[in-house]
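Structure file query_21.csv with CSV, C-alpha atoms:
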```csv
chain,number,residue,atom,x,y,z
W,1,MET,CA,147.3,35.1,53.3
W,2,GLU,CA,148.2,38.0,51.1
W,3,GLU,CA,146.0,40.6,53.0
W,4,LEU,CA,147.9,39.7,56.2
W,5,LYS,CA,151.3,40.1,54.6
W,6,GLN,CA,150.3,43.5,53.3
W,7,ARG,CA,149.0,44.5,56.8
W,8,ILE,CA,152.2,43.4,58.5
W,9,LEU,CA,154.3,45.4,56.0
W,10,GLN,CA,152.1,48.4,56.4
W,11,ASP,CA,151.6,48.4,60.2
W,12,GLY,CA,154.1,46.0,61.8
W,13,GLU,CA,157.1,47.4,63.7
W,14,VAL,CA,160.3,45.4,63.8
W,15,LEU,CA,162.1,45.9,67.1
W,16,ASP,CA,165.6,44.8,68.3
W,17,GLY,CA,165.8,41.1,69.2
W,18,ASP,CA,163.7,39.8,66.3
W,19,ILE,CA,160.5,41.2,67.7
W,20,LEU,CA,157.6,41.9,65.4
W,21,LYS,CA,155.1,44.2,67.0
W,22,VAL,CA,151.6,44.0,65.5
W,23,ASN,CA,149.9,46.0,68.2
W,24,SER,CA,147.7,48.0,65.8
W,25,PHE,CA,145.6,45.1,64.5
W,26,LEU,CA,146.3,41.9,66.6
W,27,ASN,CA,147.8,42.3,70.0
W,28,HIS,CA,146.4,45.5,71.6
W,29,GLN,CA,144.2,47.1,69.1
W,30,ILE,CA,142.3,44.5,67.0
W,31,ASP,CA,140.8,44.8,63.6
W,32,PRO,CA,137.6,42.7,63.9
W,33,GLN,CA,137.0,42.4,60.1
W,34,LEU,CA,140.5,41.1,59.5
W,35,MET,CA,140.1,38.7,62.4
W,36,GLN,CA,136.9,37.4,60.8
W,37,ARG,CA,138.7,36.7,57.6
W,38,ILE,CA,141.5,35.0,59.5
W,39,GLY,CA,138.8,32.8,61.2
W,40,GLN,CA,137.3,32.0,57.8
W,41,GLN,CA,140.8,31.2,56.4
W,42,PHE,CA,141.4,28.7,59.2
W,43,LYS,CA,138.0,27.1,58.5
W,44,HIS,CA,139.0,26.8,54.9
W,45,LEU,CA,142.4,25.2,55.8
W,46,PHE,CA,141.0,22.7,58.3
W,47,ASP,CA,137.6,22.1,56.6
W,48,ASP,CA,138.4,18.4,56.0
W,49,GLN,CA,138.6,17.9,59.8
W,50,PRO,CA,135.8,17.2,62.2
W,51,VAL,CA,136.6,20.0,64.6
W,52,THR,CA,134.5,20.1,67.8
W,53,LYS,CA,136.5,22.7,69.8
W,54,ILE,CA,139.0,25.5,69.4
W,55,LEU,CA,141.7,25.8,72.1
W,56,THR,CA,143.9,28.9,72.6
W,57,ILE,CA,145.6,30.9,75.4
W,58,GLU,CA,144.8,34.3,76.8
W,59,ALA,CA,144.9,37.1,75.9
W,60,SER,CA,146.1,37.6,72.3
W,61,GLY,CA,145.0,34.2,71.1
W,62,ILE,CA,141.3,34.9,71.9
W,63,ALA,CA,140.5,37.1,68.9
W,64,PRO,CA,141.6,34.8,66.1
W,65,ALA,CA,140.4,31.8,68.1
W,66,LEU,CA,136.9,33.3,68.6
W,67,MET,CA,136.5,34.0,64.9
W,68,THR,CA,137.7,30.5,64.0
W,69,GLY,CA,135.1,29.1,66.5
W,70,LEU,CA,132.5,31.3,64.8
W,71,ALA,CA,133.4,29.9,61.4
W,72,PHE,CA,133.3,26.3,62.6
W,73,ASN,CA,130.3,26.9,64.9
W,74,VAL,CA,132.0,25.3,67.8
W,75,PRO,CA,133.0,26.5,71.3
W,76,VAL,CA,136.3,28.2,72.0
W,77,VAL,CA,138.3,27.4,75.2
W,78,PHE,CA,141.0,29.7,76.3
W,79,ALA,CA,143.7,28.5,78.7
W,80,ARG,CA,144.1,30.8,81.7
W,81,LYS,CA,147.5,32.0,82.8
W,82,SER,CA,148.5,31.9,86.4
W,83,LYS,CA,151.7,33.1,88.1
W,84,SER,CA,151.2,30.5,90.9
W,85,ALA,CA,151.8,26.8,90.3
W,86,ILE,CA,148.8,25.8,92.4
W,87,GLN,CA,147.3,22.8,90.7
W,88,ASN,CA,144.0,21.2,91.3
W,89,ASP,CA,142.4,18.0,90.2
W,90,ASN,CA,139.8,19.9,88.2
W,91,SER,CA,142.3,21.3,85.7
W,92,TYR,CA,144.7,20.3,83.0
W,93,HIS,CA,147.8,22.3,83.4
W,94,ALA,CA,151.2,23.0,81.8
W,95,ASP,CA,154.1,25.4,82.2
W,96,VAL,CA,154.8,27.9,79.4
W,97,PHE,CA,158.0,29.9,79.3
W,98,SER,CA,157.7,33.3,77.6
W,99,TYR,CA,161.0,34.3,75.9
W,100,THR,CA,159.6,37.8,75.3
W,101,LYS,CA,158.7,38.4,79.0
W,102,LYS,CA,161.3,36.1,80.6
W,103,VAL,CA,158.6,34.5,82.8
W,104,THR,CA,157.1,31.1,83.2
W,105,ASN,CA,153.3,31.1,83.2
W,106,HIS,CA,151.3,28.2,84.4
W,107,ILE,CA,148.3,27.6,82.2
W,108,LEU,CA,145.1,25.9,83.3
W,109,VAL,CA,142.1,24.5,81.5
W,110,ASP,CA,139.1,23.2,83.3
W,111,ARG,CA,138.7,19.5,82.7
W,112,LYS,CA,135.0,19.8,82.0
W,113,PHE,CA,135.7,21.8,78.8
W,114,ILE,CA,137.8,19.2,76.9
W,115,ASN,CA,137.1,15.5,76.9
W,116,PRO,CA,138.3,12.4,75.0
W,117,THR,CA,135.7,12.6,72.3
W,118,ASP,CA,136.7,16.2,71.3
W,119,HIS,CA,138.6,17.0,68.1
W,120,VAL,CA,140.6,20.0,69.1
W,121,LEU,CA,142.1,22.7,66.8
W,122,ILE,CA,144.7,24.8,68.5
W,123,ILE,CA,144.8,28.5,67.4
W,124,ASP,CA,147.4,31.1,68.4
W,125,ASP,CA,148.5,34.5,67.2
W,126,PHE,CA,152.3,33.8,67.1
W,127,LEU,CA,154.6,30.8,66.8
W,128,ALA,CA,158.3,31.3,67.6
W,129,ASN,CA,159.9,28.7,69.9
W,130,GLY,CA,156.7,26.9,70.3
W,131,GLU,CA,156.4,27.2,74.1
W,132,ALA,CA,152.7,28.2,74.1
W,133,VAL,CA,151.6,25.7,71.6
W,134,ASN,CA,153.5,22.9,73.4
W,135,GLY,CA,151.7,23.8,76.6
W,136,LEU,CA,148.4,23.6,74.7
W,137,ILE,CA,149.5,20.2,73.3
W,138,GLN,CA,150.2,19.0,76.9
W,139,VAL,CA,146.7,20.0,77.8
W,140,CYS,CA,145.3,18.0,74.8
W,141,ASN,CA,147.4,15.0,75.9
W,142,GLN,CA,146.1,15.2,79.4
W,143,ALA,CA,142.5,15.4,78.0
W,144,GLU,CA,143.2,12.4,75.7
W,145,CYS,CA,141.3,14.2,73.0
W,146,THR,CA,142.1,14.1,69.2
W,147,LEU,CA,144.4,17.0,68.2
W,148,THR,CA,143.2,17.9,64.8
W,149,GLY,CA,145.8,20.5,64.0
W,150,ILE,CA,147.4,23.8,64.9
W,151,GLY,CA,146.6,27.1,63.2
W,152,ILE,CA,149.0,30.1,63.6
W,153,VAL,CA,148.4,33.6,62.4
W,154,ILE,CA,152.1,34.6,62.2
W,155,GLU,CA,154.9,32.1,62.3
W,156,LYS,CA,158.5,33.2,62.8
W,157,ALA,CA,159.9,30.5,60.6
W,158,PHE,CA,163.5,31.4,61.5
W,159,GLN,CA,162.8,30.2,65.1
W,160,LYS,CA,162.6,26.5,65.9
W,161,GLY,CA,158.9,26.0,67.0
W,162,GLY,CA,157.4,25.4,63.6
W,163,GLN,CA,160.0,23.0,62.3
W,164,GLN,CA,159.9,20.9,65.5
W,165,LEU,CA,156.1,20.7,65.4
W,166,ARG,CA,156.1,19.6,61.7
W,167,ASN,CA,158.9,17.1,62.5
W,168,SER,CA,156.8,15.7,65.3
W,169,GLY,CA,154.0,15.0,62.8
W,170,TYR,CA,151.6,17.7,63.8
W,171,ARG,CA,149.5,19.3,61.1
W,172,LEU,CA,150.5,23.0,61.3
W,173,GLU,CA,149.1,25.7,59.1
W,174,SER,CA,150.5,29.2,59.4
W,175,LEU,CA,148.7,32.1,57.6
W,176,VAL,CA,152.0,33.9,57.1
W,177,ARG,CA,155.6,32.6,57.7
W,178,ILE,CA,158.3,35.1,58.3
W,179,LYS,CA,161.8,34.2,57.1
W,180,SER,CA,163.7,37.0,58.6
W,181,LEU,CA,163.4,40.2,60.6
W,182,ALA,CA,167.0,41.2,60.0
W,183,ASP,CA,167.9,44.9,59.5
W,184,GLN,CA,164.4,46.0,60.7
W,185,HIS,CA,163.0,44.5,57.5
W,186,VAL,CA,160.2,41.8,57.2
W,187,THR,CA,161.0,39.0,54.7
W,188,PHE,CA,158.4,36.4,54.1
W,189,MET,CA,159.0,32.7,53.2
W,190,GLU,CA,158.0,32.0,49.5
W,191,ASP,CA,154.6,30.4,49.3
N,1,MET,CA,118.4,39.9,76.5
N,2,GLU,CA,116.2,36.9,77.1
N,3,GLU,CA,118.6,34.3,75.5
N,4,LEU,CA,121.3,35.4,77.9
N,5,LYS,CA,119.0,35.1,80.9
N,6,GLN,CA,118.1,31.6,79.9
N,7,ARG,CA,121.8,30.7,79.4
N,8,ILE,CA,122.7,32.0,82.8
N,9,LEU,CA,119.9,30.0,84.4
N,10,GLN,CA,120.9,26.9,82.5
N,11,ASP,CA,124.7,27.0,82.7
N,12,GLY,CA,125.7,29.6,85.4
N,13,GLU,CA,127.0,28.5,88.8
N,14,VAL,CA,126.4,30.6,91.9
N,15,LEU,CA,129.3,30.3,94.4
N,16,ASP,CA,129.6,31.6,97.9
N,17,GLY,CA,130.4,35.3,98.1
N,18,ASP,CA,127.9,36.4,95.5
N,19,ILE,CA,130.0,35.0,92.7
N,20,LEU,CA,128.3,34.0,89.4
N,21,LYS,CA,130.5,31.7,87.4
N,22,VAL,CA,129.7,31.7,83.7
N,23,ASN,CA,132.9,29.8,82.7
N,24,SER,CA,131.0,27.6,80.2
N,25,PHE,CA,130.1,30.4,77.7
N,26,LEU,CA,131.8,33.6,78.6
N,27,ASN,CA,134.9,33.5,80.8
N,28,HIS,CA,136.9,30.4,80.0
N,29,GLN,CA,134.9,28.6,77.3
N,30,ILE,CA,133.2,31.0,74.9
N,31,ASP,CA,130.1,30.5,72.8
N,32,PRO,CA,131.0,32.4,69.6
N,33,GLN,CA,127.5,32.5,68.2
N,34,LEU,CA,126.1,33.9,71.5
N,35,MET,CA,128.9,36.5,71.5
N,36,GLN,CA,128.0,37.5,68.0
N,37,ARG,CA,124.4,38.1,69.1
N,38,ILE,CA,125.7,40.0,72.1
N,39,GLY,CA,127.7,42.3,69.8
N,40,GLN,CA,124.7,42.8,67.6
N,41,GLN,CA,122.6,43.7,70.6
N,42,PHE,CA,125.1,46.4,71.7
N,43,LYS,CA,125.1,47.7,68.2
N,44,HIS,CA,121.3,47.9,68.4
N,45,LEU,CA,121.4,49.7,71.8
N,46,PHE,CA,124.0,52.3,70.8
N,47,ASP,CA,123.1,52.6,67.1
N,48,ASP,CA,122.3,56.3,67.6
N,49,GLN,CA,125.9,57.0,68.6
N,50,PRO,CA,128.8,57.7,66.3
N,51,VAL,CA,131.1,55.1,67.8
N,52,THR,CA,134.7,55.0,66.4
N,53,LYS,CA,136.3,52.6,68.8
N,54,ILE,CA,135.5,49.9,71.3
N,55,LEU,CA,137.5,49.8,74.5
N,56,THR,CA,137.7,46.8,76.9
N,57,ILE,CA,140.1,45.1,79.3
N,58,GLU,CA,141.9,41.7,78.9
N,59,ALA,CA,141.0,38.9,79.0
N,60,SER,CA,137.3,38.2,79.4
N,61,GLY,CA,136.2,41.5,77.9
N,62,ILE,CA,137.8,40.7,74.6
N,63,ALA,CA,135.1,38.3,73.2
N,64,PRO,CA,132.1,40.5,73.6
N,65,ALA,CA,134.1,43.6,72.7
N,66,LEU,CA,135.4,42.0,69.5
N,67,MET,CA,131.9,41.0,68.4
N,68,THR,CA,130.7,44.6,69.1
N,69,GLY,CA,133.5,46.0,67.1
N,70,LEU,CA,132.5,43.6,64.2
N,71,ALA,CA,129.0,44.9,64.4
N,72,PHE,CA,130.0,48.5,64.4
N,73,ASN,CA,132.9,47.9,61.9
N,74,VAL,CA,135.4,49.8,64.2
N,75,PRO,CA,138.6,48.8,65.9
N,76,VAL,CA,138.7,47.2,69.3
N,77,VAL,CA,141.3,48.2,71.9
N,78,PHE,CA,141.9,46.1,74.9
N,79,ALA,CA,143.7,47.5,78.0
N,80,ARG,CA,146.6,45.4,79.1
N,81,LYS,CA,147.0,44.4,82.7
N,82,SER,CA,150.4,44.7,84.4
N,83,LYS,CA,151.4,43.7,87.9
N,84,SER,CA,154.1,46.4,87.9
N,85,ALA,CA,153.3,50.1,88.2
N,86,ILE,CA,155.9,51.1,85.7
N,87,GLN,CA,154.5,53.9,83.7
N,88,ASN,CA,155.7,55.4,80.5
N,89,ASP,CA,154.8,58.5,78.5
N,90,ASN,CA,153.4,56.5,75.7
N,91,SER,CA,150.6,55.0,77.6
N,92,TYR,CA,147.4,56.0,79.4
N,93,HIS,CA,147.1,54.1,82.7
N,94,ALA,CA,144.9,53.4,85.7
N,95,ASP,CA,144.9,51.2,88.7
N,96,VAL,CA,142.1,48.6,88.9
N,97,PHE,CA,141.4,46.7,92.1
N,98,SER,CA,139.9,43.2,91.7
N,99,TYR,CA,137.6,42.2,94.5
N,100,THR,CA,137.5,38.7,93.2
N,101,LYS,CA,141.3,38.2,93.1
N,102,LYS,CA,142.2,40.7,95.8
N,103,VAL,CA,144.9,42.3,93.7
N,104,THR,CA,145.5,45.7,92.1
N,105,ASN,CA,146.2,45.5,88.4
N,106,HIS,CA,147.7,48.4,86.5
N,107,ILE,CA,146.1,48.8,83.2
N,108,LEU,CA,147.8,50.4,80.2
N,109,VAL,CA,146.6,51.6,76.8
N,110,ASP,CA,149.0,52.8,74.2
N,111,ARG,CA,148.3,56.5,73.5
N,112,LYS,CA,148.3,56.0,69.7
N,113,PHE,CA,145.2,53.9,69.8
N,114,ILE,CA,142.8,56.5,71.3
N,115,ASN,CA,142.8,60.2,70.5
N,116,PRO,CA,140.6,63.2,71.2
N,117,THR,CA,138.5,62.7,68.0
N,118,ASP,CA,137.5,59.2,69.0
N,119,HIS,CA,133.9,58.3,70.2
N,120,VAL,CA,134.6,55.4,72.5
N,121,LEU,CA,132.2,52.7,73.6
N,122,ILE,CA,133.4,50.7,76.7
N,123,ILE,CA,132.4,47.1,76.7
N,124,ASP,CA,133.0,44.6,79.5
N,125,ASP,CA,131.7,41.2,80.6
N,126,PHE,CA,130.8,42.0,84.2
N,127,LEU,CA,129.9,45.1,86.3
N,128,ALA,CA,129.9,44.7,90.0
N,129,ASN,CA,131.7,47.5,92.0
N,130,GLY,CA,132.7,49.2,88.8
N,131,GLU,CA,136.5,49.1,89.3
N,132,ALA,CA,137.4,47.9,85.8
N,133,VAL,CA,135.0,50.3,84.1
N,134,ASN,CA,136.2,53.2,86.2
N,135,GLY,CA,139.8,52.4,85.1
N,136,LEU,CA,138.7,52.5,81.5
N,137,ILE,CA,136.9,55.8,82.1
N,138,GLN,CA,140.2,57.2,83.5
N,139,VAL,CA,141.8,56.1,80.3
N,140,CYS,CA,139.2,57.9,78.2
N,141,ASN,CA,139.6,61.0,80.3
N,142,GLN,CA,143.4,61.0,79.8
N,143,ALA,CA,142.8,60.5,76.0
N,144,GLU,CA,140.3,63.4,76.1
N,145,CYS,CA,138.0,61.4,73.8
N,146,THR,CA,134.2,61.4,73.8
N,147,LEU,CA,132.9,58.6,76.0
N,148,THR,CA,129.8,57.4,74.1
N,149,GLY,CA,128.6,54.9,76.7
N,150,ILE,CA,129.2,51.7,78.6
N,151,GLY,CA,127.9,48.3,77.5
N,152,ILE,CA,127.9,45.5,80.1
N,153,VAL,CA,127.0,41.8,79.5
N,154,ILE,CA,126.1,41.0,83.1
N,155,GLU,CA,125.5,43.6,85.7
N,156,LYS,CA,125.3,42.6,89.4
N,157,ALA,CA,122.7,45.3,90.1
N,158,PHE,CA,122.9,44.6,93.9
N,159,GLN,CA,126.5,46.0,93.9
N,160,LYS,CA,127.2,49.6,93.7
N,161,GLY,CA,129.0,50.0,90.3
N,162,GLY,CA,126.0,50.4,88.1
N,163,GLN,CA,124.1,52.9,90.2
N,164,GLN,CA,127.2,55.1,90.7
N,165,LEU,CA,127.8,55.2,86.9
N,166,ARG,CA,124.2,56.1,86.2
N,167,ASN,CA,124.2,58.7,89.0
N,168,SER,CA,127.4,60.2,87.4
N,169,GLY,CA,125.5,60.6,84.1
N,170,TYR,CA,127.1,57.9,82.1
N,171,ARG,CA,124.9,56.1,79.6
N,172,LEU,CA,125.1,52.5,80.8
N,173,GLU,CA,123.3,49.6,79.0
N,174,SER,CA,123.5,46.1,80.6
N,175,LEU,CA,122.2,43.1,78.7
N,176,VAL,CA,121.1,41.4,81.9
N,177,ARG,CA,120.8,42.9,85.4
N,178,ILE,CA,121.0,40.5,88.4
N,179,LYS,CA,119.0,41.5,91.4
N,180,SER,CA,120.2,38.8,93.8
N,181,LEU,CA,122.4,35.7,94.0
N,182,ALA,CA,121.1,34.8,97.5
N,183,ASP,CA,120.6,31.1,98.4
N,184,GLN,CA,122.5,30.0,95.3
N,185,HIS,CA,119.6,31.3,93.2
N,186,VAL,CA,119.8,33.9,90.3
N,187,THR,CA,117.1,36.5,90.4
N,188,PHE,CA,116.9,39.1,87.6
N,189,MET,CA,115.7,42.6,87.8
N,190,GLU,CA,112.4,43.2,86.1
N,191,ASP,CA,112.8,44.6,82.6
```

Please re-express this file's structure in structure tokens.
Amino acid sequence: MEELKQRILQDGEVLDGDILKVNSFLNHQIDPQLMQRIGQQFKHLFDDQPVTKILTIEASGIAPALMTGLAFNVPVVFARKSKSAIQNDNSYHADVFSYTKKVTNHILVDRKFINPTDHVLIIDDFLANGEAVNGLIQVCNQAECTLTGIGIVIEKAFQKGGQQLRNSGYRLESLVRIKSLADQHVTFMED
Amino acid sequence: MEELKQRILQDGEVLDGDILKVNSFLNHQIDPQLMQRIGQQFKHLFDDQPVTKILTIEASGIAPALMTGLAFNVPVVFARKSKSAIQNDNSYHADVFSYTKKVTNHILVDRKFINPTDHVLIIDDFLANGEAVNGLIQVCNQAECTLTGIGIVIEKAFQKGGQQLRNSGYRLESLVRIKSLADQHVTFMED
């Protein structure tokens, strides 16, 4: 998605430790028009699939997921994070380790919002090691729904998450794939 | 907003302790089409104001705020919650006590996203005692921006937040105002 590449080059900040900060349009301040075009692009990419529900994780996943749900005209479910590991029978749950924050979040989704007849599209803002997406896949497995695919706004293709998901046979579509953040410089994968 | 009242009557759950759970379309599962109409309604209500930025708080405020930003064609900033009180000179900050969760969250907004020339519209999903909105007002005061108004999806009018804000002279528009949740029954204020 060319517009997104240009926006990353223009407004993204590369920090030490291979961190790309896109706080000005995705993670803290959000550009709603760009988000709408991102949602429409995911609709375009997964238009051959009978999607009934969008699944994401709070908080930064909500904006792209909501706009994807708007484009598909289906509900959006966001997994809630909890510091405590308290489980209850009414929820699907998984543990998600954050490499950025060095903390394990327990994520919860109320059982009533995903059921075996659902065709779920997972949407998230970033894919690096794949921890968050793998947590959402566990939720889908517990729900015994059909996992239609995974849509990612920004994939750090030099980390292992994307390759592992593709090797496992999941349909993964990333709007931009970053090859390297070395020397404070963003290099994209060739299309 | 009649559609929202009907949706609350149809899908809302009233729990002990005057809690209204609207997990099925606002707080956990989101109805994107309803959110878009909510955003358009806030645009209609504040259309006489020169809004340059929408301000909300993660996570449940993001969906209505994003759709309001889409309607106004302005950026949306969401305050981030942090358990730690670590402050830095790059952020506006406030303490927000949650009566529901019995915990104080420290909220942070990067200084670069709100400045004195901004006309800010605060949007949030719920207003009860007004803790979250008052935290966002503190952020606006620190930024020395113009606070255009406050838009709330669901106001619990039997709690003190709304009256206090109106008494203080803030322009507050709530899409629905709940008079009572007694006996597991939702009663709305008369329009």

Who sits within 12 Å of Met35 of chain N, all atoms listed in the file, same chain under 2 positions skipped, as a VMD selection string: (chain W and resid 63 66 to 67 69 to 70 73 75 to 76) or (chain N and resid 3 to 4 25 to 27 29 to 33 37 to 42 60 to 71 125 153 175)

message: Using all atoms listed in the file, which protein or nucleic acid residues come within 10 Å of Arg177 of chain W? Drop anything in the same chain fewer than 6 positions from it, and give the result as number ranges by chain.
response: W: 1, 5, 127, 152-158, 162, 187-191

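Considering all atoms listed in the file, the residue among W:Asp18, W:Asp89, W:Val120, W:Asp110 positioned nearest to chain N is W:Asp110.
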
task: Would you kindly identify which residues have an atom no farther than 12 Å from (155.8, 26.9, 73.5), using all atoms listed in the file and the file's own coordinates, and write them out as a ChimeraX atom specification?
output: /W:57,94-100,104-107,124,126-138,159-162,164-165

task: List the residues sitting within 12 Å of (152.4, 59.5, 74.4) in the file's frame, using only C-alpha atoms, as a list in words.
output: Gln87, Asn88, Asp89, Asn90, Ser91, Tyr92, His93, Leu108, Val109, Asp110, Arg111, Lys112, Phe113, Ile114, Asn115, Gln142 and Ala143 of chain N

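If you look at atom CA of Tyr170 of chain N and atom CA of Gly149 of chain N, they are 6.4 Å away from each other.
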
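Interatomic distance, atom CA of Val77 of chain W to atom CA of Ser168 of chain W: 24.0 Å.
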
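In this model, the gap between atom CA of Val51 of chain W and atom CA of His119 of chain W comes to 5.0 Å.
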
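Nearest to Leu55 of chain N of all the residues N:Thr148, N:Asn167, N:Ser180, N:Ser174 is N:Thr148, based on all atoms listed in the file.
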
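Closest approach to chain W among N:Ile19, N:Ile8, N:Val186, N:Ala79 is made by N:Ala79 (distances from all atoms listed in the file).
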
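Between chain W and the candidates N:Asn141, N:Gln184, N:Gln36, N:Ser82, the tightest atom-to-atom separation, counting only C-alpha atoms, involves N:Gln36.
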
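Each of W:Leu34, W:Lys43, W:Val139, W:His28 was checked against Gln6 of chain W using all atoms listed in the file; the smallest atom-to-atom distance is that of W:Leu34.
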
task: Using all atoms listed in the file, find the one residue out of W:Glu58, W:Glu173, W:Asp118, W:Asp183 that sits nearest to chain N.
output: W:Glu58
